Amino acid sequence: MNEFIGFNPLVYDDSKILVLGSFPSVKSRENNFYYGNPQNRFWKVLSSIFDEPLPANIDEKKALCQKHKIALWDVVIGANLKGSSDSALEKSDFVLADIRGLLKNYPNIKKIVCNGKLSYKLYLKHFEKLGIEVVYLPSTSPANTRFDITVWQKELIYN
């Protein structure tokens, strides 16, 4: 098995929403950035919701997140894992992110959006008492064949 350390959080002082994934996919690890699988809908969803051009590279992805006050991180930041499946991650030894510390250092974050069932399940199991709104959203993964963008629209638009 391969040991992998996840990405650092992508967060800004004025971030309002933290999107939590479970752990970077193989393609994301190869591309060295969040949602790096071109089949993953994440960047298409963000560009559609905010009526922005689809980001073509990492700098444009970061700029899109910064402009719309979106932070990114994963619940798991380290794992002995082969592949990208949630079931493999659940069975592996893993290290949790310091979400508590992140929220303390970035108090403008007022909502956590979990991208998929596993991130939501792990968040509730390990961090449920942090006193912040947490929402489960259907995974943007290409493995999710019944994806619905409307629930993402509702949760990512803030006042």
# chains A, B, ... in the order shown; residues from 1 in each chain; ligands from 1
call {"tool": "select_by_dssp", "arguments": {"residues": "segment 76-151 of chain A", "states": "alpha helix (DSSP H)", "output": "mmCIF file with N, CA and C atoms, in the first residue's frame"}}
result
data_model
loop_
_atom_site.group_PDB
_atom_site.id
_atom_site.type_symbol
_atom_site.label_atom_id
_atom_site.label_comp_id
_atom_site.auth_asym_id
_atom_site.auth_seq_id
_atom_site.Cartn_x
_atom_site.Cartn_y
_atom_site.Cartn_z
ATOM 1 N N ASP A 86 -14.015 4.922 -1.488
ATOM 2 C CA ASP A 86 -14.362 5.232 -0.107
ATOM 3 C C ASP A 86 -14.240 4.010 0.785
ATOM 4 N N SER A 87 -14.608 2.839 0.274
ATOM 5 C CA SER A 87 -14.535 1.633 1.093
ATOM 6 C C SER A 87 -13.088 1.303 1.447
ATOM 7 N N ALA A 88 -12.163 1.534 0.516
ATOM 8 C CA ALA A 88 -10.746 1.299 0.800
ATOM 9 C C ALA A 88 -10.243 2.284 1.851
ATOM 10 N N LEU A 89 -10.689 3.526 1.756
ATOM 11 C CA LEU A 89 -10.268 4.533 2.727
ATOM 12 C C LEU A 89 -10.779 4.176 4.121
ATOM 13 N N GLU A 90 -12.027 3.768 4.213
ATOM 14 C CA GLU A 90 -12.600 3.414 5.514
ATOM 15 C C GLU A 90 -11.844 2.269 6.180
ATOM 16 N N LYS A 91 -11.276 1.370 5.381
ATOM 17 C CA LYS A 91 -10.569 0.211 5.919
ATOM 18 C C LYS A 91 -9.083 0.483 6.161
ATOM 19 N N ILE A 99 -9.577 19.939 11.794
ATOM 20 C CA ILE A 99 -10.675 20.835 11.411
ATOM 21 C C ILE A 99 -10.979 21.813 12.533
ATOM 22 N N ARG A 100 -10.904 21.344 13.749
ATOM 23 C CA ARG A 100 -11.130 22.218 14.912
ATOM 24 C C ARG A 100 -10.161 23.409 14.880
ATOM 25 N N GLY A 101 -8.888 23.133 14.639
ATOM 26 C CA GLY A 101 -7.867 24.183 14.567
ATOM 27 C C GLY A 101 -8.107 25.129 13.400
ATOM 28 N N LEU A 102 -8.508 24.580 12.257
ATOM 29 C CA LEU A 102 -8.784 25.410 11.086
ATOM 30 C C LEU A 102 -9.913 26.392 11.378
ATOM 31 N N LEU A 103 -10.986 25.901 11.979
ATOM 32 C CA LEU A 103 -12.128 26.769 12.279
ATOM 33 C C LEU A 103 -11.761 27.838 13.310
ATOM 34 N N LYS A 104 -10.899 27.491 14.235
ATOM 35 C CA LYS A 104 -10.441 28.471 15.231
ATOM 36 C C LYS A 104 -9.620 29.575 14.559
ATOM 37 N N ASN A 105 -8.775 29.188 13.604
ATOM 38 C CA ASN A 105 -7.912 30.157 12.919
ATOM 39 C C ASN A 105 -8.629 30.952 11.831
ATOM 40 N N LYS A 117 -20.982 11.179 1.018
ATOM 41 C CA LYS A 117 -21.396 10.487 2.245
ATOM 42 C C LYS A 117 -20.244 10.204 3.189
ATOM 43 N N LEU A 118 -19.087 9.792 2.640
ATOM 44 C CA LEU A 118 -17.998 9.419 3.536
ATOM 45 C C LEU A 118 -17.460 10.630 4.289
ATOM 46 N N SER A 119 -17.279 11.747 3.626
ATOM 47 C CA SER A 119 -16.780 12.924 4.350
ATOM 48 C C SER A 119 -17.769 13.334 5.441
ATOM 49 N N TYR A 120 -19.059 13.251 5.137
ATOM 50 C CA TYR A 120 -20.088 13.598 6.117
ATOM 51 C C TYR A 120 -20.066 12.626 7.295
ATOM 52 N N LYS A 121 -19.988 11.348 6.992
ATOM 53 C CA LYS A 121 -19.955 10.315 8.031
ATOM 54 C C LYS A 121 -18.731 10.487 8.936
ATOM 55 N N LEU A 122 -17.561 10.695 8.337
ATOM 56 C CA LEU A 122 -16.344 10.866 9.129
ATOM 57 C C LEU A 122 -16.386 12.161 9.941
ATOM 58 N N TYR A 123 -16.916 13.220 9.341
ATOM 59 C CA TYR A 123 -17.033 14.485 10.071
ATOM 60 C C TYR A 123 -17.928 14.298 11.302
ATOM 61 N N LEU A 124 -19.100 13.699 11.115
ATOM 62 C CA LEU A 124 -20.018 13.513 12.243
ATOM 63 C C LEU A 124 -19.409 12.624 13.323
ATOM 64 N N LYS A 125 -18.692 11.610 12.909
ATOM 65 C CA LYS A 125 -18.094 10.685 13.878
ATOM 66 C C LYS A 125 -16.998 11.350 14.703
ATOM 67 N N HIS A 126 -16.193 12.223 14.082
ATOM 68 C CA HIS A 126 -15.010 12.752 14.760
ATOM 69 C C HIS A 126 -15.097 14.230 15.152
ATOM 70 N N PHE A 127 -16.017 14.979 14.541
ATOM 71 C CA PHE A 127 -16.024 16.432 14.771
ATOM 72 C C PHE A 127 -17.409 17.016 15.033
ATOM 73 N N ILE A 149 -27.241 19.161 -9.240
ATOM 74 C CA ILE A 149 -26.563 20.421 -8.937
ATOM 75 C C ILE A 149 -27.412 21.366 -8.084
ATOM 76 N N THR A 150 -28.724 21.215 -8.099
ATOM 77 C CA THR A 150 -29.578 22.193 -7.414
ATOM 78 C C THR A 150 -29.330 22.229 -5.906
ATOM 79 N N VAL A 151 -29.015 21.096 -5.306
ATOM 80 C CA VAL A 151 -28.740 21.124 -3.867
ATOM 81 C C VAL A 151 -27.421 21.838 -3.572
#
call {"tool": "residues_around", "arguments": {"residues": "Ile157 of chain A", "least_positions_apart": "2", "cutoff": "10 Å", "atoms": "only C-alpha atoms", "output": "list in words"}}
result
Ile17, Ile49, Phe50, His68, Trp152, Gln153, Lys154, Glu155 and Asn159 of chain A
call {"tool": "select_by_dssp", "arguments": {"residues": "chain A", "states": "strand (DSSP E or B)", "output": "short mmCIF file (atom, residue, chain, number, x, y, z; two decimals) with N, CA and C atoms, in the first residue's frame"}}
result
data_model
loop_
_atom_site.label_atom_id
_atom_site.label_comp_id
_atom_site.auth_asym_id
_atom_site.auth_seq_id
_atom_site.Cartn_x
_atom_site.Cartn_y
_atom_site.Cartn_z
N ASN A 2 0.29 2.32 -0.48
CA ASN A 2 1.02 3.57 -0.57
C ASN A 2 0.58 4.51 0.53
N GLU A 3 1.57 5.11 1.20
CA GLU A 3 1.23 6.12 2.19
C GLU A 3 1.16 7.46 1.47
N PHE A 4 0.12 8.21 1.74
CA PHE A 4 -0.04 9.50 1.09
C PHE A 4 -0.50 10.53 2.11
N ILE A 5 0.10 11.67 2.04
CA ILE A 5 -0.32 12.80 2.87
C ILE A 5 -1.15 13.71 1.98
N LEU A 10 -6.94 24.76 1.46
CA LEU A 10 -6.99 25.97 0.64
C LEU A 10 -7.99 26.87 1.35
N ILE A 17 -17.36 29.39 3.56
CA ILE A 17 -17.82 28.01 3.44
C ILE A 17 -16.62 27.10 3.26
N LEU A 18 -16.57 26.04 4.05
CA LEU A 18 -15.53 25.03 3.92
C LEU A 18 -16.14 23.81 3.25
N VAL A 19 -15.63 23.45 2.08
CA VAL A 19 -16.05 22.23 1.39
C VAL A 19 -15.06 21.13 1.81
N LEU A 20 -15.62 20.11 2.43
CA LEU A 20 -14.80 18.99 2.92
C LEU A 20 -15.02 17.76 2.06
N GLY A 21 -13.95 17.28 1.47
CA GLY A 21 -13.98 15.99 0.80
C GLY A 21 -13.55 14.93 1.79
N ILE A 70 -14.74 30.36 -0.76
CA ILE A 70 -14.81 28.91 -0.57
C ILE A 70 -13.44 28.40 -0.11
N ALA A 71 -13.43 27.63 0.96
CA ALA A 71 -12.23 26.95 1.43
C ALA A 71 -12.37 25.46 1.09
N LEU A 72 -11.25 24.79 0.89
CA LEU A 72 -11.26 23.35 0.56
C LEU A 72 -10.32 22.61 1.51
N TRP A 73 -10.79 21.45 1.92
CA TRP A 73 -9.91 20.54 2.67
C TRP A 73 -10.55 19.17 2.64
N ASP A 74 -9.88 18.20 3.21
CA ASP A 74 -10.40 16.85 3.31
C ASP A 74 -10.43 16.44 4.78
N VAL A 76 -9.76 13.52 5.90
CA VAL A 76 -8.58 12.67 6.09
C VAL A 76 -7.40 13.33 5.37
N ILE A 77 -6.29 13.49 6.11
CA ILE A 77 -5.12 14.13 5.49
C ILE A 77 -3.95 13.16 5.29
N GLY A 78 -4.10 11.96 5.76
CA GLY A 78 -3.05 10.97 5.55
C GLY A 78 -3.65 9.57 5.59
N ALA A 79 -3.17 8.70 4.70
CA ALA A 79 -3.72 7.34 4.66
C ALA A 79 -2.77 6.40 3.96
N ASN A 80 -2.86 5.15 4.34
CA ASN A 80 -2.21 4.07 3.60
C ASN A 80 -3.30 3.52 2.70
N LEU A 81 -3.21 3.85 1.44
CA LEU A 81 -4.35 3.62 0.56
C LEU A 81 -3.90 3.28 -0.84
N PHE A 94 -5.78 5.86 8.83
CA PHE A 94 -5.75 7.22 8.33
C PHE A 94 -5.58 8.24 9.45
N VAL A 95 -5.18 9.44 9.05
CA VAL A 95 -4.97 10.56 9.96
C VAL A 95 -6.00 11.62 9.63
N LEU A 96 -6.69 12.10 10.65
CA LEU A 96 -7.71 13.13 10.46
C LEU A 96 -7.11 14.52 10.38
N LYS A 111 -20.05 27.73 7.66
CA LYS A 111 -20.74 26.52 7.21
C LYS A 111 -19.72 25.54 6.65
N ILE A 112 -19.97 24.26 6.93
CA ILE A 112 -19.18 23.19 6.34
C ILE A 112 -20.10 22.41 5.42
N VAL A 113 -19.64 22.20 4.19
CA VAL A 113 -20.36 21.42 3.20
C VAL A 113 -19.53 20.17 2.93
N CYS A 114 -20.11 19.01 3.21
CA CYS A 114 -19.41 17.75 2.99
C CYS A 114 -19.73 17.22 1.60
N ASN A 115 -18.70 17.03 0.80
CA ASN A 115 -18.83 16.54 -0.56
C ASN A 115 -18.88 15.01 -0.52
N GLU A 133 -22.67 24.95 11.37
CA GLU A 133 -23.61 24.27 10.47
C GLU A 133 -22.84 23.33 9.55
N VAL A 134 -23.34 22.10 9.44
CA VAL A 134 -22.73 21.09 8.58
C VAL A 134 -23.81 20.51 7.68
N VAL A 135 -23.52 20.44 6.39
CA VAL A 135 -24.49 19.99 5.41
C VAL A 135 -23.88 18.87 4.57
N TYR A 136 -24.66 17.82 4.37
CA TYR A 136 -24.26 16.74 3.45
C TYR A 136 -24.73 17.12 2.05
N LEU A 137 -23.85 17.02 1.07
CA LEU A 137 -24.21 17.21 -0.33
C LEU A 137 -23.77 15.98 -1.13
#
call {"tool": "atom_distance", "arguments": {"atom1": "atom CA of Lys16 of chain A", "atom2": "atom CA of Ala56 of chain A"}}
result
23.8 Å
call {"tool": "atom_distance", "arguments": {"atom1": "atom CA of Phe147 of chain A", "atom2": "atom CA of Leu54 of chain A"}}
result
18.6 Å
call {"tool": "closest_atom_pairs", "arguments": {"of": "segment 45-142 of chain A", "to": "segment 28-38 of chain A", "cutoff": "10 Å", "atoms": "only C-alpha atoms", "output": "CSV"}}
result
residue,atom,partner,partner_atom,distance
A:Asn57,CA,A:Phe33,CA,9.8
A:Ile58,CA,A:Phe33,CA,7.1
A:Lys61,CA,A:Tyr34,CA,9.1
A:Lys62,CA,A:Phe33,CA,9.8
A:Leu72,CA,A:Tyr34,CA,7.7
A:Trp73,CA,A:Tyr34,CA,8.1
A:Asp74,CA,A:Tyr34,CA,9.0
A:Ser84,CA,A:Ser28,CA,9.6
A:Thr140,CA,A:Tyr35,CA,8.9
A:Ser141,CA,A:Tyr35,CA,8.6
A:Pro142,CA,A:Asn37,CA,8.8
call {"tool": "closest_residue", "arguments": {"among": "A:Asp59, A:Leu130, A:Phe42, A:Lys110", "to": "Asp148 of chain A", "atoms": "only C-alpha atoms"}}
result
A:Phe42
call {"tool": "atom_distance", "arguments": {"atom1": "atom CA of Pro138 of chain A", "atom2": "atom CA of Asp14 of chain A"}}
result
25.3 Å
call {"tool": "residues_around", "arguments": {"residues": "Leu64 of chain A", "least_positions_apart": "5", "cutoff": "8 Å", "atoms": "only C-alpha atoms", "output": "list in words"}}
result
Ser47, Glu52 and Pro55 of chain A
call {"tool": "closest_residue", "arguments": {"among": "A:Gln66, A:Asn8, A:Asp13, A:Pro24", "to": "Pro107 of chain A", "atoms": "only C-alpha atoms"}}
result
A:Asp13
call {"tool": "decode", "arguments": {"residues": "segment 20-146 of chain A", "atoms": "C-alpha atoms", "output": "tab-separated table (two decimals), in the first residue's frame"}}
result
chain	number	residue	atom	x	y	z
A	20	LEU	CA	-14.80	18.99	2.92
A	21	GLY	CA	-13.98	15.99	0.80
A	22	SER	CA	-12.98	12.63	2.21
A	23	PHE	CA	-9.47	12.19	0.73
A	24	PRO	CA	-7.85	13.08	-2.63
A	25	SER	CA	-8.46	10.60	-5.43
A	26	VAL	CA	-5.60	8.99	-7.32
A	27	LYS	CA	-6.07	11.53	-10.15
A	28	SER	CA	-6.09	14.44	-7.69
A	29	ARG	CA	-2.90	13.10	-6.11
A	30	GLU	CA	-1.32	12.83	-9.59
A	31	ASN	CA	-2.39	16.41	-10.40
A	32	ASN	CA	-1.42	17.61	-6.93
A	33	PHE	CA	-4.63	19.56	-6.30
A	34	TYR	CA	-8.19	19.14	-5.14
A	35	TYR	CA	-10.68	17.51	-7.52
A	36	GLY	CA	-8.02	16.82	-10.11
A	37	ASN	CA	-9.92	14.09	-11.93
A	38	PRO	CA	-11.29	15.80	-15.07
A	39	GLN	CA	-14.41	13.62	-14.74
A	40	ASN	CA	-15.16	14.99	-11.27
A	41	ARG	CA	-17.91	17.60	-11.50
A	42	PHE	CA	-16.61	19.86	-8.71
A	43	TRP	CA	-15.03	22.64	-10.81
A	44	LYS	CA	-17.89	22.53	-13.33
A	45	VAL	CA	-20.37	22.87	-10.46
A	46	LEU	CA	-18.58	25.88	-8.96
A	47	SER	CA	-18.19	27.64	-12.30
A	48	SER	CA	-21.85	27.00	-13.13
A	49	ILE	CA	-23.21	28.14	-9.75
A	50	PHE	CA	-21.17	31.33	-9.76
A	51	ASP	CA	-21.50	31.94	-13.51
A	52	GLU	CA	-17.71	31.90	-13.99
A	53	PRO	CA	-15.53	30.38	-16.72
A	54	LEU	CA	-14.37	26.83	-16.03
A	55	PRO	CA	-10.92	27.14	-14.42
A	56	ALA	CA	-8.18	25.72	-16.63
A	57	ASN	CA	-5.37	25.37	-14.09
A	58	ILE	CA	-4.62	25.36	-10.37
A	59	ASP	CA	-4.15	29.13	-10.13
A	60	GLU	CA	-7.55	29.72	-11.73
A	61	LYS	CA	-9.13	27.16	-9.39
A	62	LYS	CA	-7.63	28.93	-6.39
A	63	ALA	CA	-8.82	32.31	-7.68
A	64	LEU	CA	-12.36	30.98	-8.16
A	65	CYS	CA	-12.44	29.71	-4.58
A	66	GLN	CA	-10.99	32.93	-3.20
A	67	LYS	CA	-13.42	35.14	-5.12
A	68	HIS	CA	-16.42	33.20	-3.82
A	69	LYS	CA	-15.10	32.70	-0.28
A	70	ILE	CA	-14.81	28.91	-0.57
A	71	ALA	CA	-12.23	26.95	1.43
A	72	LEU	CA	-11.26	23.35	0.56
A	73	TRP	CA	-9.91	20.54	2.67
A	74	ASP	CA	-10.40	16.85	3.31
A	75	VAL	CA	-11.47	15.12	6.52
A	76	VAL	CA	-8.58	12.67	6.09
A	77	ILE	CA	-5.12	14.13	5.49
A	78	GLY	CA	-3.05	10.97	5.55
A	79	ALA	CA	-3.72	7.34	4.66
A	80	ASN	CA	-2.21	4.07	3.60
A	81	LEU	CA	-4.35	3.62	0.56
A	82	LYS	CA	-4.42	1.99	-2.83
A	83	GLY	CA	-6.90	3.50	-5.27
A	84	SER	CA	-9.60	6.04	-4.60
A	85	SER	CA	-12.60	4.15	-3.27
A	86	ASP	CA	-14.36	5.23	-0.11
A	87	SER	CA	-14.54	1.63	1.09
A	88	ALA	CA	-10.75	1.30	0.80
A	89	LEU	CA	-10.27	4.53	2.73
A	90	GLU	CA	-12.60	3.41	5.51
A	91	LYS	CA	-10.57	0.21	5.92
A	92	SER	CA	-7.17	1.93	5.85
A	93	ASP	CA	-5.21	3.51	8.64
A	94	PHE	CA	-5.75	7.22	8.33
A	95	VAL	CA	-4.97	10.56	9.96
A	96	LEU	CA	-7.71	13.13	10.46
A	97	ALA	CA	-7.38	16.79	9.53
A	98	ASP	CA	-7.31	19.37	12.33
A	99	ILE	CA	-10.68	20.83	11.41
A	100	ARG	CA	-11.13	22.22	14.91
A	101	GLY	CA	-7.87	24.18	14.57
A	102	LEU	CA	-8.78	25.41	11.09
A	103	LEU	CA	-12.13	26.77	12.28
A	104	LYS	CA	-10.44	28.47	15.23
A	105	ASN	CA	-7.91	30.16	12.92
A	106	TYR	CA	-10.54	31.13	10.30
A	107	PRO	CA	-13.56	32.31	12.27
A	108	ASN	CA	-15.33	33.67	9.16
A	109	ILE	CA	-16.13	30.09	8.11
A	110	LYS	CA	-19.79	29.72	9.04
A	111	LYS	CA	-20.74	26.52	7.21
A	112	ILE	CA	-19.18	23.19	6.34
A	113	VAL	CA	-20.36	21.42	3.20
A	114	CYS	CA	-19.41	17.75	2.99
A	115	ASN	CA	-18.83	16.54	-0.56
A	116	GLY	CA	-20.25	13.02	-0.33
A	117	LYS	CA	-21.40	10.49	2.24
A	118	LEU	CA	-18.00	9.42	3.54
A	119	SER	CA	-16.78	12.92	4.35
A	120	TYR	CA	-20.09	13.60	6.12
A	121	LYS	CA	-19.96	10.32	8.03
A	122	LEU	CA	-16.34	10.87	9.13
A	123	TYR	CA	-17.03	14.49	10.07
A	124	LEU	CA	-20.02	13.51	12.24
A	125	LYS	CA	-18.09	10.68	13.88
A	126	HIS	CA	-15.01	12.75	14.76
A	127	PHE	CA	-16.02	16.43	14.77
A	128	GLU	CA	-19.77	16.70	15.30
A	129	LYS	CA	-19.63	19.01	18.33
A	130	LEU	CA	-17.86	21.99	16.77
A	131	GLY	CA	-20.90	24.25	16.82
A	132	ILE	CA	-20.99	25.04	13.11
A	133	GLU	CA	-23.61	24.27	10.47
A	134	VAL	CA	-22.73	21.09	8.58
A	135	VAL	CA	-24.49	19.99	5.41
A	136	TYR	CA	-24.26	16.74	3.45
A	137	LEU	CA	-24.21	17.21	-0.33
A	138	PRO	CA	-24.13	14.49	-2.99
A	139	SER	CA	-20.63	13.69	-4.17
A	140	THR	CA	-19.34	15.42	-7.28
A	141	SER	CA	-17.41	12.22	-8.05
A	142	PRO	CA	-17.97	10.62	-11.45
A	143	ALA	CA	-18.95	7.46	-9.52
A	144	ASN	CA	-22.12	9.26	-8.37
A	145	THR	CA	-24.52	8.70	-11.25
A	146	ARG	CA	-27.46	10.54	-9.66
